[in-house]
Amino acid sequence: MDSLAAAPGTGPATSPLPVLRPSRVAKSFSDLPTNRTLVMGILNVTPDSFSDGGRFSTADDAIAEGLRMHYAGADMIDVGGESTRPNADKTTVEEEQKRILPVVAALVKAGALVSVDTMHASTAARAIDAGAAVVNDVSGLDFDPEMPALIAERKVPYVLMHRRGNALTMNSLATYDDVVEDVISELMSVRDKFYAAGVSPEQIILDPGIGFAKTDEQNWDLLRSLERFDVLGHRVLVGASRKRFLGTLLTMAGKAAAPAERDHASAAVSTLAAANGAWCVRVHDVGPSLDAVKVSAAWTK
Ligand code: PMM
């Protein structure tokens, strides 16, 4: 039996493991496929994430889940150790690093391309030392002042996501004249600060920040306008998977769908995001979104 396919047979995974075809695995950022939208698998090593409820809070469970997504064909695995949901408890930087660094190192060793989901430059630096190839920062306008210099020095791709305020304040800041215009101009002003520190345009990946200081309707407005992000000259990443606005959309008998019931809708968003120019979708359930982006690539070719 293929030893690679056998490896992640433990842990919380329930779906069968596809056999790994090594040609599908990118070894570095520059090896990533360019003929379709990419799929980034979400790995929250947290006890309190809204979307996966702390299922992977031990390093062993998280590594098993990361390997499962890697073998399912995820182009990248995004490892985070701090919950970003509204009103989440604050995590110390030490705790964040303790949670994620062993997971990053193990996934890199297994051949996965790893992105680190952090708002802290010191965590980003240590994750890069452990082999992470991308920094995914959800802090938006409120970024760590050390981050631009770090990204310039390490020359890694940087996901610049739009968010106003922080986990405690963002829900009260969802007031825009024109959500698309305002999000783009706020992203551009942060981007320019990264440019001033020496970051180059190819390093910047823009993300509209679905669910971060946005109402449900604003999320839909942003998704509908993805092509306006695509013309800014940067790669675009979309993170809509299992978010609350999908739960609202799928309300039945007055009850919003639970996070785990939002995966079909998440894959539908992946199809449409891909058709509208997204470079990458960030999702919990990798397989359906991988199929979705392939359908989209074939359709739009
Ligand atoms: N959303 C979450 C966390 N990290 N990163 C990017 N770039 N974009 C997102 O939309 C995003 C993110 C919160 O969702 P989760 O708890 O399901 O990870």
# chains A, B, ... in the order shown; residues from 1 in each chain; ligands from 1
$ residues_around --residues "Tyr195 (chain A)" --least-positions-apart "4" --cutoff "12 Å" --atoms "only C-alpha atoms" --output "count of residues only"
16
$ closest_atom_pairs --of "chain A" --to "ligand 1" --cutoff "7 Å" --atoms "only C-alpha atoms and all ligand atoms" --output "JSON lines"
{"residue": "A:Ile42", "atom": "CA", "partner": "ligand 1", "partner_atom_place_in_ligand_line": "18 (O)", "distance": 6.1}
{"residue": "A:Asn44", "atom": "CA", "partner": "ligand 1", "partner_atom_place_in_ligand_line": "18 (O)", "distance": 6.2}
{"residue": "A:Ser49", "atom": "CA", "partner": "ligand 1", "partner_atom_place_in_ligand_line": "16 (O)", "distance": 5.2}
{"residue": "A:Phe50", "atom": "CA", "partner": "ligand 1", "partner_atom_place_in_ligand_line": "16 (O)", "distance": 5.6}
{"residue": "A:Ser51", "atom": "CA", "partner": "ligand 1", "partner_atom_place_in_ligand_line": "17 (O)", "distance": 4.9}
{"residue": "A:Ser83", "atom": "CA", "partner": "ligand 1", "partner_atom_place_in_ligand_line": "16 (O)", "distance": 6.4}
{"residue": "A:Thr84", "atom": "CA", "partner": "ligand 1", "partner_atom_place_in_ligand_line": "13 (C)", "distance": 5.7}
{"residue": "A:Arg85", "atom": "CA", "partner": "ligand 1", "partner_atom_place_in_ligand_line": "16 (O)", "distance": 6.2}
{"residue": "A:Asp117", "atom": "CA", "partner": "ligand 1", "partner_atom_place_in_ligand_line": "4 (N)", "distance": 6.3}
{"residue": "A:Asn136", "atom": "CA", "partner": "ligand 1", "partner_atom_place_in_ligand_line": "7 (N)", "distance": 5.5}
{"residue": "A:Asp137", "atom": "CA", "partner": "ligand 1", "partner_atom_place_in_ligand_line": "7 (N)", "distance": 6.4}
{"residue": "A:Val138", "atom": "CA", "partner": "ligand 1", "partner_atom_place_in_ligand_line": "5 (N)", "distance": 5.5}
{"residue": "A:Val159", "atom": "CA", "partner": "ligand 1", "partner_atom_place_in_ligand_line": "7 (N)", "distance": 5.9}
{"residue": "A:Met161", "atom": "CA", "partner": "ligand 1", "partner_atom_place_in_ligand_line": "7 (N)", "distance": 5.5}
{"residue": "A:Asp207", "atom": "CA", "partner": "ligand 1", "partner_atom_place_in_ligand_line": "7 (N)", "distance": 5.9}
{"residue": "A:Gly209", "atom": "CA", "partner": "ligand 1", "partner_atom_place_in_ligand_line": "10 (O)", "distance": 4.8}
{"residue": "A:Ile210", "atom": "CA", "partner": "ligand 1", "partner_atom_place_in_ligand_line": "10 (O)", "distance": 5.2}
{"residue": "A:Gly211", "atom": "CA", "partner": "ligand 1", "partner_atom_place_in_ligand_line": "10 (O)", "distance": 7.0}
{"residue": "A:Leu237", "atom": "CA", "partner": "ligand 1", "partner_atom_place_in_ligand_line": "7 (N)", "distance": 6.6}
{"residue": "A:Val238", "atom": "CA", "partner": "ligand 1", "partner_atom_place_in_ligand_line": "10 (O)", "distance": 6.1}
{"residue": "A:Gly239", "atom": "CA", "partner": "ligand 1", "partner_atom_place_in_ligand_line": "10 (O)", "distance": 3.5}
{"residue": "A:Ala240", "atom": "CA", "partner": "ligand 1", "partner_atom_place_in_ligand_line": "10 (O)", "distance": 5.8}
{"residue": "A:Ser241", "atom": "CA", "partner": "ligand 1", "partner_atom_place_in_ligand_line": "17 (O)", "distance": 6.4}
{"residue": "A:Arg242", "atom": "CA", "partner": "ligand 1", "partner_atom_place_in_ligand_line": "17 (O)", "distance": 6.5}
{"residue": "A:Lys243", "atom": "CA", "partner": "ligand 1", "partner_atom_place_in_ligand_line": "17 (O)", "distance": 6.8}
{"residue": "A:Arg282", "atom": "CA", "partner": "ligand 1", "partner_atom_place_in_ligand_line": "8 (N)", "distance": 6.8}
$ select_by_dssp --residues "region 140-192 of chain A" --states "helix (DSSP H, G or I)" --output "PyMOL selection string"
chain A and resi 140-142+147-154+170-173+179-192
$ write_last_selection --atoms "N, CA, C and O atoms" --output "mmCIF file, in the first residue's frame"
data_model
loop_
_atom_site.group_PDB
_atom_site.id
_atom_site.type_symbol
_atom_site.label_atom_id
_atom_site.label_comp_id
_atom_site.auth_asym_id
_atom_site.auth_seq_id
_atom_site.Cartn_x
_atom_site.Cartn_y
_atom_site.Cartn_z
ATOM 1 N N GLY A 140 -5.705 43.422 9.209
ATOM 2 C CA GLY A 140 -6.266 44.517 8.410
ATOM 3 C C GLY A 140 -5.612 45.844 8.702
ATOM 4 O O GLY A 140 -4.395 45.993 8.684
ATOM 5 N N LEU A 141 -6.447 46.838 9.045
ATOM 6 C CA LEU A 141 -5.939 48.196 9.225
ATOM 7 C C LEU A 141 -5.112 48.329 10.506
ATOM 8 O O LEU A 141 -4.352 49.270 10.659
ATOM 9 N N ASP A 142 -5.281 47.358 11.392
ATOM 10 C CA ASP A 142 -4.690 47.442 12.726
ATOM 11 C C ASP A 142 -3.484 46.504 12.828
ATOM 12 O O ASP A 142 -3.352 45.744 13.772
ATOM 13 N N MET A 147 5.323 44.133 11.259
ATOM 14 C CA MET A 147 5.036 43.186 10.174
ATOM 15 C C MET A 147 5.613 43.629 8.825
ATOM 16 O O MET A 147 6.236 42.812 8.129
ATOM 17 N N PRO A 148 5.449 44.905 8.400
ATOM 18 C CA PRO A 148 5.948 45.270 7.064
ATOM 19 C C PRO A 148 7.441 44.981 6.894
ATOM 20 O O PRO A 148 7.852 44.403 5.875
ATOM 21 N N ALA A 149 8.254 45.334 7.895
ATOM 22 C CA ALA A 149 9.711 45.115 7.763
ATOM 23 C C ALA A 149 10.013 43.623 7.676
ATOM 24 O O ALA A 149 10.882 43.198 6.904
ATOM 25 N N LEU A 150 9.286 42.834 8.457
ATOM 26 C CA LEU A 150 9.525 41.382 8.413
ATOM 27 C C LEU A 150 9.219 40.820 7.021
ATOM 28 O O LEU A 150 9.987 40.035 6.461
ATOM 29 N N ILE A 151 8.083 41.242 6.468
ATOM 30 C CA ILE A 151 7.678 40.705 5.150
ATOM 31 C C ILE A 151 8.664 41.154 4.076
ATOM 32 O O ILE A 151 9.015 40.393 3.172
ATOM 33 N N ALA A 152 9.135 42.405 4.207
ATOM 34 C CA ALA A 152 10.130 42.895 3.245
ATOM 35 C C ALA A 152 11.422 42.091 3.359
ATOM 36 O O ALA A 152 11.998 41.673 2.350
ATOM 37 N N GLU A 153 11.845 41.839 4.593
ATOM 38 C CA GLU A 153 13.132 41.159 4.799
ATOM 39 C C GLU A 153 13.063 39.689 4.362
ATOM 40 O O GLU A 153 13.967 39.195 3.688
ATOM 41 N N ARG A 154 11.966 39.006 4.714
ATOM 42 C CA ARG A 154 11.888 37.564 4.410
ATOM 43 C C ARG A 154 11.389 37.294 2.992
ATOM 44 O O ARG A 154 11.391 36.153 2.545
ATOM 45 N N MET A 170 -14.965 44.936 15.831
ATOM 46 C CA MET A 170 -15.236 44.939 14.380
ATOM 47 C C MET A 170 -16.721 44.945 14.020
ATOM 48 O O MET A 170 -17.119 45.570 13.047
ATOM 49 N N ASN A 171 -17.542 44.259 14.823
ATOM 50 C CA ASN A 171 -18.963 44.207 14.460
ATOM 51 C C ASN A 171 -19.632 45.576 14.497
ATOM 52 O O ASN A 171 -20.626 45.809 13.808
ATOM 53 N N SER A 172 -19.068 46.488 15.291
ATOM 54 C CA SER A 172 -19.687 47.818 15.390
ATOM 55 C C SER A 172 -19.122 48.766 14.321
ATOM 56 O O SER A 172 -19.513 49.933 14.261
ATOM 57 N N LEU A 173 -18.206 48.288 13.483
ATOM 58 C CA LEU A 173 -17.547 49.174 12.516
ATOM 59 C C LEU A 173 -17.958 48.892 11.071
ATOM 60 O O LEU A 173 -17.285 49.319 10.135
ATOM 61 N N VAL A 179 -19.371 49.863 0.285
ATOM 62 C CA VAL A 179 -18.493 48.870 0.917
ATOM 63 C C VAL A 179 -17.339 48.463 0.000
ATOM 64 O O VAL A 179 -16.194 48.322 0.450
ATOM 65 N N VAL A 180 -17.606 48.315 -1.299
ATOM 66 C CA VAL A 180 -16.540 47.844 -2.196
ATOM 67 C C VAL A 180 -15.463 48.921 -2.338
ATOM 68 O O VAL A 180 -14.271 48.662 -2.151
ATOM 69 N N GLU A 181 -15.916 50.156 -2.624
ATOM 70 C CA GLU A 181 -14.963 51.283 -2.754
ATOM 71 C C GLU A 181 -14.144 51.450 -1.481
ATOM 72 O O GLU A 181 -12.930 51.625 -1.530
ATOM 73 N N ASP A 182 -14.829 51.434 -0.346
ATOM 74 C CA ASP A 182 -14.150 51.715 0.925
ATOM 75 C C ASP A 182 -13.157 50.604 1.272
ATOM 76 O O ASP A 182 -12.039 50.873 1.721
ATOM 77 N N VAL A 183 -13.564 49.355 1.059
ATOM 78 C CA VAL A 183 -12.656 48.239 1.374
ATOM 79 C C VAL A 183 -11.422 48.318 0.472
ATOM 80 O O VAL A 183 -10.287 48.179 0.938
ATOM 81 N N ILE A 184 -11.643 48.590 -0.805
ATOM 82 C CA ILE A 184 -10.491 48.677 -1.718
ATOM 83 C C ILE A 184 -9.586 49.826 -1.297
ATOM 84 O O ILE A 184 -8.365 49.668 -1.189
ATOM 85 N N SER A 185 -10.152 50.993 -1.003
ATOM 86 C CA SER A 185 -9.249 52.114 -0.701
ATOM 87 C C SER A 185 -8.535 51.909 0.641
ATOM 88 O O SER A 185 -7.360 52.262 0.783
ATOM 89 N N GLU A 186 -9.195 51.249 1.597
ATOM 90 C CA GLU A 186 -8.503 50.975 2.866
ATOM 91 C C GLU A 186 -7.398 49.928 2.675
ATOM 92 O O GLU A 186 -6.311 50.042 3.260
ATOM 93 N N LEU A 187 -7.664 48.926 1.840
ATOM 94 C CA LEU A 187 -6.607 47.940 1.552
ATOM 95 C C LEU A 187 -5.423 48.608 0.861
ATOM 96 O O LEU A 187 -4.263 48.317 1.162
ATOM 97 N N MET A 188 -5.721 49.520 -0.071
ATOM 98 C CA MET A 188 -4.635 50.183 -0.804
ATOM 99 C C MET A 188 -3.781 51.032 0.138
ATOM 100 O O MET A 188 -2.570 51.111 -0.020
ATOM 101 N N SER A 189 -4.432 51.633 1.142
ATOM 102 C CA SER A 189 -3.622 52.472 2.031
ATOM 103 C C SER A 189 -2.722 51.615 2.925
ATOM 104 O O SER A 189 -1.584 51.977 3.190
ATOM 105 N N VAL A 190 -3.193 50.433 3.331
ATOM 106 C CA VAL A 190 -2.303 49.536 4.098
ATOM 107 C C VAL A 190 -1.210 49.007 3.169
ATOM 108 O O VAL A 190 -0.026 48.953 3.538
ATOM 109 N N ARG A 191 -1.606 48.618 1.967
ATOM 110 C CA ARG A 191 -0.610 48.107 1.008
ATOM 111 C C ARG A 191 0.523 49.118 0.820
ATOM 112 O O ARG A 191 1.700 48.751 0.788
ATOM 113 N N ASP A 192 0.164 50.395 0.725
ATOM 114 C CA ASP A 192 1.198 51.410 0.489
ATOM 115 C C ASP A 192 2.174 51.495 1.670
ATOM 116 O O ASP A 192 3.352 51.776 1.484
#
$ closest_residue --among "A:Leu222, A:Ala278, A:Ile205, A:Ile128" --to "Pro157 (chain A)" --atoms "only C-alpha atoms"
A:Ile205
$ closest_residue --among "A:Cys280, A:Ala213, A:Ala253, A:Ala125" --to "Arg163 (chain A)" --atoms "only C-alpha atoms"
A:Ala213
$ atom_distance --atom1 "CA of Val293 (chain A)" --atom2 "CA of Phe56 (chain A)"
26.1 Å
$ atom_distance --atom1 "CA of His284 (chain A)" --atom2 "CA of Gly131 (chain A)"
21.9 Å
$ closest_residue --among "A:Gly247, A:Pro208, A:Pro288, A:Gly165" --to "Ser225 (chain A)" --atoms "only C-alpha atoms"
A:Pro208
$ closest_residue --among "A:Thr248, A:Gln97, A:Gln218, A:Asn276" --to "Arg262 (chain A)" --atoms "only C-alpha atoms"
A:Thr248
$ select_by_dssp --residues "region 43-120 of chain A" --states "strand (DSSP E)" --output "list in words"
Leu43, Asn44, Met76, Ile77, Asp78, Val79, Gly80, Val114, Ser115, Val116 and Asp117 of chain A
$ write_last_selection --atoms "N, CA, C and O atoms" --output "PDB file, in the first residue's frame"
ATOM      1  N   LEU A  43      -6.650  25.175   8.926  1.00  0.00           N
ATOM      2  CA  LEU A  43      -6.317  24.362  10.099  1.00  0.00           C
ATOM      3  C   LEU A  43      -6.203  25.275  11.316  1.00  0.00           C
ATOM      4  O   LEU A  43      -5.185  25.928  11.527  1.00  0.00           O
ATOM      5  N   ASN A  44      -7.289  25.331  12.077  1.00  0.00           N
ATOM      6  CA  ASN A  44      -7.303  26.168  13.279  1.00  0.00           C
ATOM      7  C   ASN A  44      -6.899  25.334  14.489  1.00  0.00           C
ATOM      8  O   ASN A  44      -7.635  24.445  14.906  1.00  0.00           O
ATOM      9  N   MET A  76      -2.320  24.508  -0.288  1.00  0.00           N
ATOM     10  CA  MET A  76      -1.640  25.075   0.879  1.00  0.00           C
ATOM     11  C   MET A  76      -2.461  24.724   2.111  1.00  0.00           C
ATOM     12  O   MET A  76      -3.675  24.560   2.004  1.00  0.00           O
ATOM     13  N   ILE A  77      -1.792  24.675   3.257  1.00  0.00           N
ATOM     14  CA  ILE A  77      -2.514  24.511   4.529  1.00  0.00           C
ATOM     15  C   ILE A  77      -2.247  25.765   5.354  1.00  0.00           C
ATOM     16  O   ILE A  77      -1.092  26.139   5.575  1.00  0.00           O
ATOM     17  N   ASP A  78      -3.330  26.394   5.811  1.00  0.00           N
ATOM     18  CA  ASP A  78      -3.215  27.644   6.574  1.00  0.00           C
ATOM     19  C   ASP A  78      -3.341  27.326   8.063  1.00  0.00           C
ATOM     20  O   ASP A  78      -4.427  26.973   8.535  1.00  0.00           O
ATOM     21  N   VAL A  79      -2.242  27.452   8.789  1.00  0.00           N
ATOM     22  CA  VAL A  79      -2.223  27.048  10.203  1.00  0.00           C
ATOM     23  C   VAL A  79      -2.348  28.286  11.096  1.00  0.00           C
ATOM     24  O   VAL A  79      -1.514  29.197  11.018  1.00  0.00           O
ATOM     25  N   GLY A  80      -3.375  28.308  11.930  1.00  0.00           N
ATOM     26  CA  GLY A  80      -3.584  29.440  12.833  1.00  0.00           C
ATOM     27  C   GLY A  80      -3.748  28.975  14.262  1.00  0.00           C
ATOM     28  O   GLY A  80      -4.273  27.886  14.514  1.00  0.00           O
ATOM     29  N   VAL A 114       2.887  25.458   3.549  1.00  0.00           N
ATOM     30  CA  VAL A 114       2.183  25.956   4.733  1.00  0.00           C
ATOM     31  C   VAL A 114       2.140  27.471   4.743  1.00  0.00           C
ATOM     32  O   VAL A 114       3.126  28.148   4.440  1.00  0.00           O
ATOM     33  N   SER A 115       0.947  27.966   5.098  1.00  0.00           N
ATOM     34  CA  SER A 115       0.772  29.393   5.324  1.00  0.00           C
ATOM     35  C   SER A 115       0.506  29.559   6.816  1.00  0.00           C
ATOM     36  O   SER A 115      -0.126  28.696   7.432  1.00  0.00           O
ATOM     37  N   VAL A 116       0.993  30.653   7.406  1.00  0.00           N
ATOM     38  CA  VAL A 116       0.737  30.855   8.836  1.00  0.00           C
ATOM     39  C   VAL A 116      -0.264  31.995   8.993  1.00  0.00           C
ATOM     40  O   VAL A 116      -0.088  33.074   8.454  1.00  0.00           O
ATOM     41  N   ASP A 117      -1.355  31.691   9.710  1.00  0.00           N
ATOM     42  CA  ASP A 117      -2.418  32.668   9.938  1.00  0.00           C
ATOM     43  C   ASP A 117      -2.124  33.345  11.280  1.00  0.00           C
ATOM     44  O   ASP A 117      -2.402  32.781  12.338  1.00  0.00           O
TER      45      ASP A 117
END
$ atom_distance --atom1 "CA of Ala74 (chain A)" --atom2 "CA of Thr91 (chain A)"
27.2 Å
$ closest_residue --among "A:Val39, A:Ala258, A:Leu246, A:Val236" --to "His162 (chain A)" --atoms "only C-alpha atoms"
A:Val236
$ residues_around --residues "Leu38 (chain A)" --least-positions-apart "2" --cutoff "7 Å" --atoms "only C-alpha atoms" --output "VMD selection string"
chain A and resid 36 40 75 279 to 281
